[in-house]
Structures are given as C-alpha cells and as structure tokens.
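Listing of structure_10.pdb; format and content: PDB, C-alpha atoms, pLDDT in the B column.
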ATOM      1  CA  GLY A  52      -6.068  15.671  17.510  1.00 65.00           C
ATOM      2  CA  ALA A  53      -7.995  18.222  15.503  1.00 76.00           C
ATOM      3  CA  VAL A  54      -7.536  18.162  11.739  1.00 88.00           C
ATOM      4  CA  VAL A  55      -7.297  21.160   9.448  1.00 92.00           C
ATOM      5  CA  SER A  56      -7.143  20.751   5.685  1.00 94.00           C
ATOM      6  CA  GLN A  57      -6.042  23.147   2.985  1.00 96.00           C
ATOM      7  CA  HIS A  58      -6.713  23.064  -0.707  1.00 96.00           C
ATOM      8  CA  PRO A  59      -4.906  23.213  -3.028  1.00 96.00           C
ATOM      9  CA  SER A  60      -1.594  22.012  -1.644  1.00 95.00           C
ATOM     10  CA  ARG A  61       0.326  23.506  -4.523  1.00 96.00           C
ATOM     11  CA  VAL A  62      -0.568  25.988  -7.235  1.00 96.00           C
ATOM     12  CA  ILE A  63       1.295  27.561 -10.111  1.00 97.00           C
ATOM     13  CA  CYS A  64      -0.303  30.506 -11.847  1.00 95.00           C
ATOM     14  CA  LYS A  65       0.484  33.322 -14.231  1.00 96.00           C
ATOM     15  CA  SER A  66       1.073  36.833 -13.018  1.00 96.00           C
ATOM     16  CA  GLY A  67      -2.159  38.812 -12.816  1.00 96.00           C
ATOM     17  CA  THR A  68      -4.457  35.896 -12.037  1.00 96.00           C
ATOM     18  CA  SER A  69      -6.301  35.318  -8.764  1.00 97.00           C
ATOM     19  CA  VAL A  70      -5.856  32.271  -6.598  1.00 97.00           C
ATOM     20  CA  LYS A  71      -8.243  30.999  -3.932  1.00 97.00           C
ATOM     21  CA  ILE A  72      -7.031  28.863  -1.035  1.00 97.00           C
ATOM     22  CA  GLU A  73      -9.483  27.013   1.184  1.00 97.00           C
ATOM     23  CA  CYS A  74      -8.959  26.149   4.819  1.00 96.00           C
ATOM     24  CA  ARG A  75     -11.297  23.716   6.546  1.00 95.00           C
ATOM     25  CA  SER A  76     -11.523  22.420  10.086  1.00 92.00           C
ATOM     26  CA  LEU A  77     -12.637  18.834   9.600  1.00 92.00           C
ATOM     27  CA  ASP A  78     -13.700  17.675  13.042  1.00 87.00           C
ATOM     28  CA  PHE A  79     -14.300  20.815  15.049  1.00 87.00           C
ATOM     29  CA  GLN A  80     -15.832  24.235  14.719  1.00 87.00           C
ATOM     30  CA  ALA A  81     -13.438  27.142  14.487  1.00 86.00           C
ATOM     31  CA  THR A  82     -14.669  30.546  15.487  1.00 81.00           C
ATOM     32  CA  THR A  83     -11.298  31.959  14.604  1.00 86.00           C
ATOM     33  CA  MET A  84      -8.915  31.042  11.820  1.00 91.00           C
ATOM     34  CA  PHE A  85      -5.540  32.562  11.100  1.00 93.00           C
ATOM     35  CA  TRP A  86      -3.669  32.991   7.848  1.00 96.00           C
ATOM     36  CA  TYR A  87       0.121  32.994   7.784  1.00 95.00           C
ATOM     37  CA  ARG A  88       2.727  33.434   5.087  1.00 95.00           C
ATOM     38  CA  GLN A  89       6.179  31.927   5.217  1.00 92.00           C
ATOM     39  CA  PHE A  90       9.013  32.828   2.852  1.00 90.00           C
ATOM     40  CA  PRO A  91      11.980  30.452   2.465  1.00 85.00           C
ATOM     41  CA  LYS A  92      14.089  30.183   5.615  1.00 80.00           C
ATOM     42  CA  GLN A  93      11.845  32.675   7.380  1.00 85.00           C
ATOM     43  CA  SER A  94       9.383  32.204  10.203  1.00 85.00           C
ATOM     44  CA  LEU A  95       5.635  32.307   9.943  1.00 90.00           C
ATOM     45  CA  MET A  96       4.235  35.805   9.630  1.00 92.00           C
ATOM     46  CA  LEU A  97       0.632  36.367  10.589  1.00 92.00           C
ATOM     47  CA  MET A  98      -1.300  37.984   7.759  1.00 95.00           C
ATOM     48  CA  ALA A  99      -4.788  38.180   9.186  1.00 93.00           C
ATOM     49  CA  THR A 100      -7.201  36.862  11.756  1.00 91.00           C
ATOM     50  CA  SER A 101     -10.473  35.612  10.383  1.00 89.00           C
ATOM     51  CA  ASN A 102     -13.611  35.481  12.505  1.00 85.00           C
ATOM     52  CA  GLU A 103     -16.756  33.720  11.341  1.00 82.00           C
ATOM     53  CA  GLY A 104     -19.404  36.164  10.261  1.00 81.00           C
ATOM     54  CA  SER A 105     -17.293  39.289  10.515  1.00 83.00           C
ATOM     55  CA  LYS A 106     -14.550  41.074   8.632  1.00 87.00           C
ATOM     56  CA  ALA A 107     -11.019  39.812   8.941  1.00 91.00           C
ATOM     57  CA  THR A 108      -8.438  41.743  10.923  1.00 90.00           C
ATOM     58  CA  TYR A 109      -5.292  42.331   8.893  1.00 93.00           C
ATOM     59  CA  GLU A 110      -1.800  42.804  10.225  1.00 91.00           C
ATOM     60  CA  GLN A 111       0.091  45.955   9.476  1.00 90.00           C
ATOM     61  CA  GLY A 112       1.511  45.946   5.980  1.00 91.00           C
ATOM     62  CA  VAL A 113      -0.904  43.338   4.595  1.00 94.00           C
ATOM     63  CA  GLU A 114      -3.171  44.731   1.872  1.00 93.00           C
ATOM     64  CA  LYS A 115      -6.749  43.754   2.577  1.00 92.00           C
ATOM     65  CA  ASP A 116      -7.807  44.432  -1.001  1.00 94.00           C
ATOM     66  CA  LYS A 117      -5.145  42.096  -2.323  1.00 96.00           C
ATOM     67  CA  PHE A 118      -5.625  39.291   0.169  1.00 96.00           C
ATOM     68  CA  LEU A 119      -9.358  38.756   0.444  1.00 95.00           C
ATOM     69  CA  ILE A 120     -10.514  36.639   3.348  1.00 94.00           C
ATOM     70  CA  ASN A 121     -13.962  35.134   3.728  1.00 90.00           C
ATOM     71  CA  HIS A 122     -14.912  33.131   6.817  1.00 88.00           C
ATOM     72  CA  ALA A 123     -18.278  31.911   5.616  1.00 83.00           C
ATOM     73  CA  SER A 124     -18.900  29.205   8.195  1.00 88.00           C
ATOM     74  CA  LEU A 125     -17.459  27.764  11.385  1.00 88.00           C
ATOM     75  CA  THR A 126     -15.495  25.218   9.356  1.00 92.00           C
ATOM     76  CA  LEU A 127     -14.370  27.146   6.286  1.00 93.00           C
ATOM     77  CA  SER A 128     -12.213  30.177   5.605  1.00 94.00           C
ATOM     78  CA  THR A 129     -10.874  31.180   2.205  1.00 95.00           C
ATOM     79  CA  LEU A 130      -7.952  33.375   1.213  1.00 97.00           C
ATOM     80  CA  THR A 131      -7.965  34.836  -2.286  1.00 97.00           C
ATOM     81  CA  VAL A 132      -4.750  36.332  -3.602  1.00 97.00           C
ATOM     82  CA  THR A 133      -5.969  38.805  -6.204  1.00 96.00           C
ATOM     83  CA  SER A 134      -3.854  39.799  -9.201  1.00 96.00           C
ATOM     84  CA  ALA A 135      -0.985  37.659  -7.984  1.00 96.00           C
ATOM     85  CA  HIS A 136       2.584  38.705  -8.770  1.00 96.00           C
ATOM     86  CA  PRO A 137       5.859  36.792  -8.472  1.00 96.00           C
ATOM     87  CA  GLU A 138       6.604  38.452  -5.127  1.00 95.00           C
ATOM     88  CA  ASP A 139       3.453  36.794  -3.752  1.00 96.00           C
ATOM     89  CA  SER A 140       5.059  33.391  -4.259  1.00 96.00           C
ATOM     90  CA  SER A 141       5.228  31.880  -0.801  1.00 96.00           C
ATOM     91  CA  PHE A 142       3.996  29.146   1.518  1.00 95.00           C
ATOM     92  CA  TYR A 143       0.549  30.057   2.852  1.00 97.00           C
ATOM     93  CA  ILE A 144      -0.588  28.289   6.002  1.00 96.00           C
ATOM     94  CA  CYS A 145      -3.884  28.523   7.817  1.00 96.00           C
ATOM     95  CA  SER A 146      -4.630  27.541  11.370  1.00 93.00           C
ATOM     96  CA  ALA A 147      -7.795  27.134  13.368  1.00 90.00           C
ATOM     97  CA  GLU A 148      -8.566  27.382  17.029  1.00 82.00           C
ATOM     98  CA  PRO A 149     -11.402  25.359  18.561  1.00 78.00           C
ATOM     99  CA  GLY A 150     -13.719  27.828  20.271  1.00 65.00           C
ATOM    100  CA  THR A 151     -11.953  30.616  22.132  1.00 54.00           C
ATOM    101  CA  GLY A 152      -9.138  30.266  24.594  1.00 54.00           C
ATOM    102  CA  GLY A 153      -8.224  26.878  23.244  1.00 55.00           C
ATOM    103  CA  GLU A 154      -4.894  25.441  24.146  1.00 63.00           C
ATOM    104  CA  THR A 155      -3.396  25.634  20.700  1.00 75.00           C
ATOM    105  CA  GLN A 156      -3.983  26.418  17.098  1.00 83.00           C
ATOM    106  CA  TYR A 157      -4.070  23.531  14.663  1.00 88.00           C
ATOM    107  CA  PHE A 158      -2.311  24.120  11.388  1.00 92.00           C
ATOM    108  CA  GLY A 159      -3.296  23.087   7.912  1.00 93.00           C
ATOM    109  CA  PRO A 160      -0.702  21.420   5.677  1.00 93.00           C
ATOM    110  CA  GLY A 161      -0.011  24.634   3.794  1.00 94.00           C
ATOM    111  CA  THR A 162      -0.337  25.796   0.194  1.00 96.00           C
ATOM    112  CA  ARG A 163       2.717  26.498  -1.871  1.00 96.00           C
ATOM    113  CA  LEU A 164       2.019  29.281  -4.381  1.00 97.00           C
ATOM    114  CA  LEU A 165       4.295  29.970  -7.305  1.00 96.00           C
ATOM    115  CA  VAL A 166       3.472  32.938  -9.492  1.00 96.00           C
ATOM    116  CA  LEU A 167       5.259  32.997 -12.831  1.00 96.00           C
TER     117      LEU A 167
ATOM    118  CA  GLY B  18       4.432  44.127  20.374  1.00 60.00           C
ATOM    119  CA  GLN B  19       6.406  40.932  20.681  1.00 72.00           C
ATOM    120  CA  ASN B  20      10.119  40.238  20.289  1.00 88.00           C
ATOM    121  CA  ILE B  21      11.143  36.599  20.278  1.00 93.00           C
ATOM    122  CA  ASP B  22      14.716  35.343  20.019  1.00 95.00           C
ATOM    123  CA  GLN B  23      16.028  31.852  19.498  1.00 96.00           C
ATOM    124  CA  PRO B  24      19.250  30.490  18.016  1.00 96.00           C
ATOM    125  CA  THR B  25      19.285  30.139  14.261  1.00 95.00           C
ATOM    126  CA  GLU B  26      20.897  26.724  14.059  1.00 96.00           C
ATOM    127  CA  MET B  27      22.024  23.886  16.290  1.00 97.00           C
ATOM    128  CA  THR B  28      23.661  20.527  15.700  1.00 97.00           C
ATOM    129  CA  ALA B  29      23.453  17.532  18.006  1.00 97.00           C
ATOM    130  CA  THR B  30      24.312  13.844  17.926  1.00 97.00           C
ATOM    131  CA  GLU B  31      21.823  11.008  17.644  1.00 97.00           C
ATOM    132  CA  GLY B  32      20.942   9.696  21.109  1.00 97.00           C
ATOM    133  CA  ALA B  33      22.028  12.875  22.860  1.00 97.00           C
ATOM    134  CA  ILE B  34      20.041  15.629  24.599  1.00 97.00           C
ATOM    135  CA  VAL B  35      19.644  19.119  23.183  1.00 98.00           C
ATOM    136  CA  GLN B  36      18.178  22.272  24.694  1.00 98.00           C
ATOM    137  CA  ILE B  37      16.769  25.013  22.486  1.00 98.00           C
ATOM    138  CA  ASN B  38      16.355  28.350  24.241  1.00 98.00           C
ATOM    139  CA  CYS B  39      13.836  31.084  23.563  1.00 98.00           C
ATOM    140  CA  THR B  40      13.654  34.530  25.093  1.00 97.00           C
ATOM    141  CA  TYR B  41      10.782  36.896  24.618  1.00 95.00           C
ATOM    142  CA  GLN B  42       9.695  40.428  25.384  1.00 92.00           C
ATOM    143  CA  THR B  43       5.962  40.928  25.156  1.00 82.00           C
ATOM    144  CA  SER B  44       3.299  43.493  25.843  1.00 79.00           C
ATOM    145  CA  GLY B  45       0.845  40.731  26.724  1.00 79.00           C
ATOM    146  CA  PHE B  46       1.290  37.067  27.517  1.00 86.00           C
ATOM    147  CA  ASN B  47      -1.130  34.188  27.414  1.00 85.00           C
ATOM    148  CA  GLY B  48       1.063  31.187  26.848  1.00 90.00           C
ATOM    149  CA  LEU B  49       4.173  30.003  25.066  1.00 94.00           C
ATOM    150  CA  PHE B  50       4.129  27.298  22.443  1.00 93.00           C
ATOM    151  CA  TRP B  51       6.720  25.139  20.775  1.00 96.00           C
ATOM    152  CA  TYR B  52       6.160  23.748  17.294  1.00 95.00           C
ATOM    153  CA  GLN B  53       8.162  21.420  15.090  1.00 96.00           C
ATOM    154  CA  GLN B  54       8.330  22.159  11.384  1.00 93.00           C
ATOM    155  CA  HIS B  55       9.910  19.891   8.808  1.00 93.00           C
ATOM    156  CA  ALA B  56      11.005  21.509   5.565  1.00 87.00           C
ATOM    157  CA  GLY B  57       8.071  22.244   3.281  1.00 84.00           C
ATOM    158  CA  GLU B  58       5.493  21.227   5.849  1.00 88.00           C
ATOM    159  CA  ALA B  59       3.237  23.048   8.266  1.00 86.00           C
ATOM    160  CA  PRO B  60       4.136  23.291  11.965  1.00 90.00           C
ATOM    161  CA  THR B  61       2.993  20.610  14.365  1.00 90.00           C
ATOM    162  CA  PHE B  62       2.243  21.333  18.002  1.00 89.00           C
ATOM    163  CA  LEU B  63       4.747  20.084  20.562  1.00 93.00           C
ATOM    164  CA  SER B  64       4.079  21.817  23.856  1.00 93.00           C
ATOM    165  CA  TYR B  65       2.351  24.629  25.676  1.00 91.00           C
ATOM    166  CA  ASN B  66       3.352  26.485  28.857  1.00 94.00           C
ATOM    167  CA  VAL B  67       1.328  29.184  30.539  1.00 90.00           C
ATOM    168  CA  LEU B  68       2.577  28.737  34.118  1.00 93.00           C
ATOM    169  CA  ASP B  69       6.173  28.639  35.313  1.00 96.00           C
ATOM    170  CA  GLY B  70       7.820  25.263  35.390  1.00 96.00           C
ATOM    171  CA  LEU B  71       8.489  22.193  33.367  1.00 96.00           C
ATOM    172  CA  GLU B  72       6.019  20.335  31.161  1.00 93.00           C
ATOM    173  CA  GLU B  73       7.082  16.867  30.069  1.00 93.00           C
ATOM    174  CA  LYS B  74       5.746  14.907  27.123  1.00 89.00           C
ATOM    175  CA  GLY B  75       7.696  11.797  26.349  1.00 93.00           C
ATOM    176  CA  ARG B  76      11.047  12.723  24.835  1.00 96.00           C
ATOM    177  CA  PHE B  77      10.111  16.410  24.761  1.00 96.00           C
ATOM    178  CA  SER B  78       9.985  18.798  27.715  1.00 97.00           C
ATOM    179  CA  SER B  79       9.398  22.523  27.802  1.00 97.00           C
ATOM    180  CA  PHE B  80      10.213  24.993  30.548  1.00 98.00           C
ATOM    181  CA  LEU B  81       8.902  28.477  31.192  1.00 97.00           C
ATOM    182  CA  SER B  82       9.987  31.338  33.436  1.00 97.00           C
ATOM    183  CA  ARG B  83       7.616  34.260  32.976  1.00 94.00           C
ATOM    184  CA  SER B  84       9.623  36.605  35.192  1.00 94.00           C
ATOM    185  CA  LYS B  85      12.693  36.061  33.021  1.00 95.00           C
ATOM    186  CA  GLY B  86      10.862  35.933  29.706  1.00 95.00           C
ATOM    187  CA  TYR B  87      12.568  32.634  29.022  1.00 96.00           C
ATOM    188  CA  SER B  88      11.655  29.196  27.796  1.00 98.00           C
ATOM    189  CA  TYR B  89      13.496  26.172  26.570  1.00 98.00           C
ATOM    190  CA  LEU B  90      12.591  23.016  24.688  1.00 98.00           C
ATOM    191  CA  LEU B  91      14.480  19.906  25.735  1.00 98.00           C
ATOM    192  CA  LEU B  92      14.732  16.969  23.377  1.00 97.00           C
ATOM    193  CA  LYS B  93      16.041  13.684  24.779  1.00 97.00           C
ATOM    194  CA  GLU B  94      17.260  10.537  23.047  1.00 97.00           C
ATOM    195  CA  LEU B  95      17.593  12.396  19.776  1.00 98.00           C
ATOM    196  CA  GLN B  96      16.592  10.591  16.613  1.00 97.00           C
ATOM    197  CA  MET B  97      17.466  11.440  13.039  1.00 97.00           C
ATOM    198  CA  LYS B  98      13.820  12.290  12.381  1.00 96.00           C
ATOM    199  CA  ASP B  99      14.091  15.095  14.941  1.00 97.00           C
ATOM    200  CA  SER B 100      16.042  17.104  12.376  1.00 97.00           C
ATOM    201  CA  ALA B 101      13.675  20.011  11.775  1.00 96.00           C
ATOM    202  CA  SER B 102      13.051  23.625  12.650  1.00 95.00           C
ATOM    203  CA  TYR B 103      11.686  24.318  16.108  1.00 97.00           C
ATOM    204  CA  LEU B 104       9.527  27.393  16.462  1.00 95.00           C
ATOM    205  CA  CYS B 105       8.903  29.245  19.690  1.00 96.00           C
ATOM    206  CA  ALA B 106       5.646  31.213  19.672  1.00 93.00           C
ATOM    207  CA  VAL B 107       4.031  33.521  22.186  1.00 92.00           C
ATOM    208  CA  ARG B 108       0.301  34.013  22.420  1.00 87.00           C
ATOM    209  CA  ASP B 109      -0.904  37.528  23.017  1.00 77.00           C
ATOM    210  CA  ASP B 110      -4.012  38.127  25.036  1.00 69.00           C
ATOM    211  CA  GLY B 111      -4.558  41.627  23.748  1.00 60.00           C
ATOM    212  CA  ALA B 112      -7.673  42.829  21.958  1.00 49.00           C
ATOM    213  CA  GLY B 113      -9.625  39.687  22.696  1.00 50.00           C
ATOM    214  CA  SER B 114      -7.714  37.627  20.166  1.00 56.00           C
ATOM    215  CA  TYR B 115      -5.343  34.743  20.637  1.00 68.00           C
ATOM    216  CA  GLN B 116      -2.748  35.560  18.059  1.00 79.00           C
ATOM    217  CA  LEU B 117       0.565  33.776  17.970  1.00 86.00           C
ATOM    218  CA  THR B 118       3.815  35.571  17.248  1.00 88.00           C
ATOM    219  CA  PHE B 119       6.534  33.232  16.074  1.00 91.00           C
ATOM    220  CA  GLY B 120      10.267  33.390  16.525  1.00 93.00           C
ATOM    221  CA  LYS B 121      12.409  32.791  13.452  1.00 91.00           C
ATOM    222  CA  GLY B 122      12.916  29.169  14.370  1.00 94.00           C
ATOM    223  CA  THR B 123      15.915  27.054  15.279  1.00 96.00           C
ATOM    224  CA  LYS B 124      17.069  24.618  12.652  1.00 96.00           C
ATOM    225  CA  LEU B 125      18.235  21.468  14.407  1.00 97.00           C
ATOM    226  CA  SER B 126      20.447  19.006  12.592  1.00 97.00           C
ATOM    227  CA  VAL B 127      20.841  15.583  14.169  1.00 97.00           C
ATOM    228  CA  ILE B 128      23.978  13.779  13.047  1.00 97.00           C
ATOM    229  CA  PRO B 129      24.898  10.094  13.477  1.00 95.00           C
TER     230      PRO B 129
END

So that I can check it, write out the structure of this file as structure tokens.
Amino acid sequence: GAVVSQHPSRVICKSGTSVKIECRSLDFQATTMFWYRQFPKQSLMLMATSNEGSKATYEQGVEKDKFLINHASLTLSTLTVTSAHPEDSSFYICSAEPGTGGETQYFGPGTRLLVL
Amino acid sequence: GQNIDQPTEMTATEGAIVQINCTYQTSGFNGLFWYQQHAGEAPTFLSYNVLDGLEEKGRFSSFLSRSKGYSYLLLKELQMKDSASYLCAVRDDGAGSYQLTFGKGTKLSVIP
C-alpha cells in the first residue's frame, strides 16, 4: 500500500518556539493532504486540508496564523506550529490521498509534540 | 455537518466474534471507512463501504446501510493483537473535497 512518512516522530520544545512537521508521500503523488490533531483518548480532529499550489482550508476554530501549512509539492506538506504553548501539546497526524476520489487516505505515523 | 456515534468501549474474548456498530447523520455522504488505531500510533485502513451491503476482508467484515445511517465492523477469530481502538469515519462529498469526519472510536479489549 501507499506509504506516508512524517518527521519528526517526536519533539519536545520550549513554550514560544516554532515547530515544523513534515509529511511526505513516498510512493505516490498527493494532490490533497490533511492534517489532524488528536488529544489523549479523543478522536482525530481535522485541522486543515492542504492542496498543492494553493492555500490550505482550515476548519472552524483552527487559527491559520498559528498553524501554518505549506503544500509545496505533490509529495510534501509541512505544518508549522508557531509560538507553541503547552496547550498545543498533542499528536499531529497527516494523511494523503492519491489523486482525487481515491478509495482512502493513507496516514503518516504521527508526530507527538510536547511543549514545556 | 456530520454526527457519528459508536460505543466507547467493548470487551471480547480471544477466538470470539465481536461487532462494533456505528451510526451517522450526515449532510453529504461519499463512503464510510473503518480504521484500526493502536495506542500512540496512526490509524491504519481496514475497510471501505460506499454501497449497501457487506464487504469481507479476511477476519474483518464491514456492513453499510445508507438508508439507516448505520454500519458495523465485524471481527472474527479475535486475537490479542486486535486490542485497539476502532474508528468509524464518514467521507463528505461537499465542496469538492474528500474530508473524513471521525467518530470518537471504540476501544476494544480482547481478553484470554
């Protein structure tokens, strides 16, 4: 099946710093990538939909100036958490869909962010 | 919008069969997905239904009734490694995107 990677897998940072998370589709081109956040014992919550070459579409309640998304190519999307605070500590997961109308999204392994 | 309900927790015995139900109310529908998620890991795809009926994949089967807004995931011959959360997700076909909305997940514990 299709493979999606995320880097880093785990990051610990101080409050006020920015953290960049990369999401790559390794063996297919992804027109659309999705970014999710998952708090402990909660389900995945969609943060934004990222389309190559255009601005990301953010879900209601997600600050676009705090969570910067760049979908620079058909295989790479990045999420930057700017001025991270302890409440941003969470499990961030990206997914990618081959083309449009694909059968499923393929998920990356996730990035666990801890802000001290 | 989407509203997806599934039981919070279930317990079943190794070797048995378990059925995890999911009901949904949606403004648009373009498929229902089941994912397995082990603690601390990302979800992995299990099954996809877009038409009514049963889809079988080895020990896992998934059923969909669009008129009832209902799906279930059936796990047979349970193994200890099946202990995980099972997420029901509905794909919306609105606005030209293929977004998934996830239920809160059902935590399945398989006991000896």

Which residues of chain B come within 10 Å of chain A, and what is each one's closest atom pair and distance in Å (one decimal), counting only C-alpha atoms, sorted by chain and residue number, as JSON lines?
{"residue": "B:Asn47", "atom": "CA", "partner": "A:Gly152", "partner_atom": "CA", "distance": 9.4}
{"residue": "B:Gly48", "atom": "CA", "partner": "A:Glu154", "partner_atom": "CA", "distance": 8.7}
{"residue": "B:Leu49", "atom": "CA", "partner": "A:Thr155", "partner_atom": "CA", "distance": 9.8}
{"residue": "B:Phe50", "atom": "CA", "partner": "A:Thr155", "partner_atom": "CA", "distance": 7.9}
{"residue": "B:Ala56", "atom": "CA", "partner": "A:Lys92", "partner_atom": "CA", "distance": 9.2}
{"residue": "B:Gly57", "atom": "CA", "partner": "A:Phe142", "partner_atom": "CA", "distance": 8.2}
{"residue": "B:Glu58", "atom": "CA", "partner": "A:Pro160", "partner_atom": "CA", "distance": 6.2}
{"residue": "B:Ala59", "atom": "CA", "partner": "A:Pro160", "partner_atom": "CA", "distance": 5.0}
{"residue": "B:Pro60", "atom": "CA", "partner": "A:Phe158", "partner_atom": "CA", "distance": 6.5}
{"residue": "B:Thr61", "atom": "CA", "partner": "A:Phe158", "partner_atom": "CA", "distance": 7.0}
{"residue": "B:Phe62", "atom": "CA", "partner": "A:Tyr157", "partner_atom": "CA", "distance": 7.5}
{"residue": "B:Leu63", "atom": "CA", "partner": "A:Thr155", "partner_atom": "CA", "distance": 9.9}
{"residue": "B:Ser64", "atom": "CA", "partner": "A:Thr155", "partner_atom": "CA", "distance": 9.0}
{"residue": "B:Tyr65", "atom": "CA", "partner": "A:Glu154", "partner_atom": "CA", "distance": 7.4}
{"residue": "B:Asn66", "atom": "CA", "partner": "A:Glu154", "partner_atom": "CA", "distance": 9.6}
{"residue": "B:Val67", "atom": "CA", "partner": "A:Glu154", "partner_atom": "CA", "distance": 9.7}
{"residue": "B:Ser102", "atom": "CA", "partner": "A:Ser94", "partner_atom": "CA", "distance": 9.6}
{"residue": "B:Leu104", "atom": "CA", "partner": "A:Ser94", "partner_atom": "CA", "distance": 7.9}
{"residue": "B:Cys105", "atom": "CA", "partner": "A:Ser94", "partner_atom": "CA", "distance": 9.9}
{"residue": "B:Ala106", "atom": "CA", "partner": "A:Leu95", "partner_atom": "CA", "distance": 9.8}
{"residue": "B:Arg108", "atom": "CA", "partner": "A:Thr155", "partner_atom": "CA", "distance": 9.3}
{"residue": "B:Asp110", "atom": "CA", "partner": "A:Gly152", "partner_atom": "CA", "distance": 9.4}
{"residue": "B:Gly113", "atom": "CA", "partner": "A:Thr151", "partner_atom": "CA", "distance": 9.4}
{"residue": "B:Ser114", "atom": "CA", "partner": "A:Thr151", "partner_atom": "CA", "distance": 8.4}
{"residue": "B:Tyr115", "atom": "CA", "partner": "A:Gly152", "partner_atom": "CA", "distance": 7.1}
{"residue": "B:Gln116", "atom": "CA", "partner": "A:Thr100", "partner_atom": "CA", "distance": 7.8}
{"residue": "B:Leu117", "atom": "CA", "partner": "A:Leu97", "partner_atom": "CA", "distance": 7.8}
{"residue": "B:Thr118", "atom": "CA", "partner": "A:Leu97", "partner_atom": "CA", "distance": 7.4}
{"residue": "B:Phe119", "atom": "CA", "partner": "A:Leu95", "partner_atom": "CA", "distance": 6.3}
{"residue": "B:Gly120", "atom": "CA", "partner": "A:Ser94", "partner_atom": "CA", "distance": 6.5}
{"residue": "B:Lys121", "atom": "CA", "partner": "A:Ser94", "partner_atom": "CA", "distance": 4.5}
{"residue": "B:Gly122", "atom": "CA", "partner": "A:Ser94", "partner_atom": "CA", "distance": 6.2}
{"residue": "B:Thr123", "atom": "CA", "partner": "A:Ser94", "partner_atom": "CA", "distance": 9.7}
{"residue": "B:Lys124", "atom": "CA", "partner": "A:Lys92", "partner_atom": "CA", "distance": 9.5}

Taking 3 positions as the minimum chain separation for residues in the same chain, which residues sit within 7 Å of range 32-38 of chain B when counting all atoms listed in the file? Answer as number ranges by chain. B: 23, 29, 88-96

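With distances taken over all atoms listed in the file, B:Cys39 is the one residue among B:Ile128, B:Ala101, B:Met27, B:Cys39 lying closest to Ser79 in chain B.
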
Expand the PyMOL selection byres ((chain B and resi 70) around 7) into the explicit residue set it covers here, and present it as a list in words.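 Answer for the PyMOL selection byres ((chain B and resi 70) around 7): Leu68, Asp69, Leu71, Glu72, Phe80, Leu81 and Ser82 of chain B.
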
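Across the model, the gap from CA of Gln19 in chain B to CA of Ala147 in chain A is 21.1 Å.
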
Contacts of Val54 in chain A at 7 Å (all atoms listed in the file; same-chain gap of 4+ positions) as a list of chain:residue names: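 Listed by chain and then number, they are A:Ser76, A:Leu77, A:Asp78.
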
Store the residues picked out above in a file with C-alpha atoms, as a PDB file, keeping the file's coordinate frame.
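And here's part.pdb as it stands now:
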ATOM      1  CA  SER A  76     -11.523  22.420  10.086  1.00 92.00           C
ATOM      2  CA  LEU A  77     -12.637  18.834   9.600  1.00 92.00           C
ATOM      3  CA  ASP A  78     -13.700  17.675  13.042  1.00 87.00           C
TER       4      ASP A  78
END

Can you tell me, as a ChimeraX atom specification, what residues are no more than 7 Å from Lys65 in chain A when counting all atoms listed in the file, ignoring any on the same chain fewer than 3 positions away? /A:68,166-167

Calculate how many Å separate CA of Ile120 in chain A from CA of Ser69 in chain A, rounding to one decimal.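 Interatomic distance here is 12.9 Å.
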
Among listed residues B:Ser78, B:Val107, B:Leu125, B:Ser44, nearest Asp22 in chain B (using all atoms listed in the file):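 The shortest atom-to-atom distance to Asp22 in chain B comes from B:Val107.
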
Within 7 Å of (12.7, 34.7, 26.2) (file coordinates; all atoms listed in the file), which protein or nucleic acid residues are there? I'd like them as a list in words. Ile21, Asp22, Cys39, Thr40, Tyr41, Gln42, Lys85, Gly86, Tyr87 and Ser88 of chain B

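The space between CA of Asp109 in chain B and CA of Thr82 in chain A spans 17.2 Å.
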
Please write the residues picked by the PyMOL selection byres ((chain A and resi 57) around 6) on this file as a PyMOL selection string. chain A and resi 56+58+73-74+159

Using only C-alpha atoms, please write the residues we just selected to a file, as a tab-separated table (two decimals), in the frame of the given file.
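Wrote it out as selection_25.tsv, contents follow:
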chain	number	residue	atom	x	y	z
A	56	SER	CA	-7.14	20.75	5.68
A	58	HIS	CA	-6.71	23.06	-0.71
A	73	GLU	CA	-9.48	27.01	1.18
A	74	CYS	CA	-8.96	26.15	4.82
A	159	GLY	CA	-3.30	23.09	7.91
